[in-house]
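A short write-up of the structure that comes next.
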Amino acid sequence: MRQKLGASERHACKTIGVARSTQKYKPVRRNDDDLRLALVRLAKQYGRYGYRKIAALLRIEGWRVNHKKVERLWREEGLQLPGRHKKRKRLYHKNTSIIRLRPKYANHIWSIDFVHDKLSNGRSYKMLTVLDEYTREALCVAVKTRMGNAEVLEALYPLFLRRGKPEHIRSDNGPEFIAKTFQSWLVKVGIKPLRIYPGSPWENGYNERFNGTLRAEVLNAEWFATVDQAKTVIGEWLRQYNNIRPHQALNMPPPVPETLSKIGT
């Protein structure tokens, strides 16, 4: 700068309002190969995670990195997931009456729903998914070849003994959930049933979102030969979902971090 302007560096920087330190700064090029390898490894292990969840997992492993750098490397490695459809937020009916009660604390509202799939031999089986809407913890994924209202009660009863009963249980209008036996049992134990408006699955959005994740990360990725095999794989995935997987709705920690789950046991 001194040779070009015919003035001292101090005078030139003062004239144009630039700090002298900018003339001495030399960018440091960091080798990101190890970070790239760690990022690709986690992307392969958690195939449906986006870069924000992978960034959270990297920080758990000890990497000092922000989501912007992870996003840049993510794009350079071609790991982008397909874009999502716009969410539909239909909390009210046409007459403006409130349809969906929002969860306010743990055990306030549990949501239940069914997921259907087939084994490699073409035989169908069902999964009952139970979710605490406030904590986003998946309480249960019961897997059976057949499941009616009696099997639903059989799956819920151990949860009530272990965790206490919820104030409400939200479900759709499936025959297993509107059966008199099931409804009368809920009333008998002091649980208020919540049924969504017919044809409005988004009112059970928390559980629908979980079911979509279960299908994308497990059912579409695995091919089970037996129901017992499905139980084992889904059980391991459920532990990962509750104890390891970062949740954006919770500002990235999992519903039940591993340290807390170990203390609880």
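How things are named: the first chain in the structure tokens is A, the next is B, and so on; residues count from 1 in each chain; ligands count from 1 in the order shown.
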
Residues near A:Leu156, cut-off 10 Å, only C-alpha atoms, skip fewer than 3 positions along chain, as a list in words
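Selected residues are Ile112, Leu128, Val130, Leu139, Cys140, Ala142, Glu151, Val152, Leu153, Leu159, Phe160, Leu161 and Lys165 of chain A.
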
Pick out the residues sitting within 12 Å of A:Gln240, and hand them over as a ChimeraX atom specification; count only C-alpha atoms, and ignore anything fewer than 2 positions along from it in its own chain.
/A:45-46,137-138,214,217-218,233-238,242-247,254-258,261

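In this structure, atom CA of A:Lys180 sits 17.5 Å away from atom CA of A:Asp113.
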
Provide the atom CA of A:Phe210 to atom CA of A:Gly164 distance in Å, to one decimal place.
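Between atom CA of A:Phe210 and atom CA of A:Gly164 the gap works out to 21.9 Å.
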
If you run DSSP on the backbone here, which positions in stretch 31-227 of chain A get strand (DSSP E or B)? Please write them as a PyMOL selection string.
chain A and resi 92+98+109-118+124-132+138-144+168-171+192-195

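In this model, the gap between atom CA of A:Pro103 and atom CA of A:Glu203 comes to 12.5 Å.
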
Give me the residues within 12 Å of A:Lys69 as a PyMOL selection string, counting only C-alpha atoms and dropping any in the same chain fewer than 5 places off.
chain A and resi 32+35-36+39+51-52+54-55+58+63-64+74-76

Could you tell me, as JSON, numbers by chain, which residues of stretch 68-262 of chain A DSSP assigns to alpha helix (DSSP H) when given the backbone?
{"A": [68, 69, 70, 71, 72, 73, 74, 75, 76, 149, 150, 151, 152, 153, 154, 155, 156, 157, 158, 159, 160, 161, 162, 163, 175, 176, 177, 178, 180, 181, 182, 183, 184, 185, 186, 187, 188, 189, 205, 206, 207, 208, 209, 210, 211, 212, 213, 214, 227, 228, 229, 230, 231, 232, 233, 234, 235, 236, 237, 238, 239, 240, 241, 242, 243, 258, 259, 260, 261, 262]}
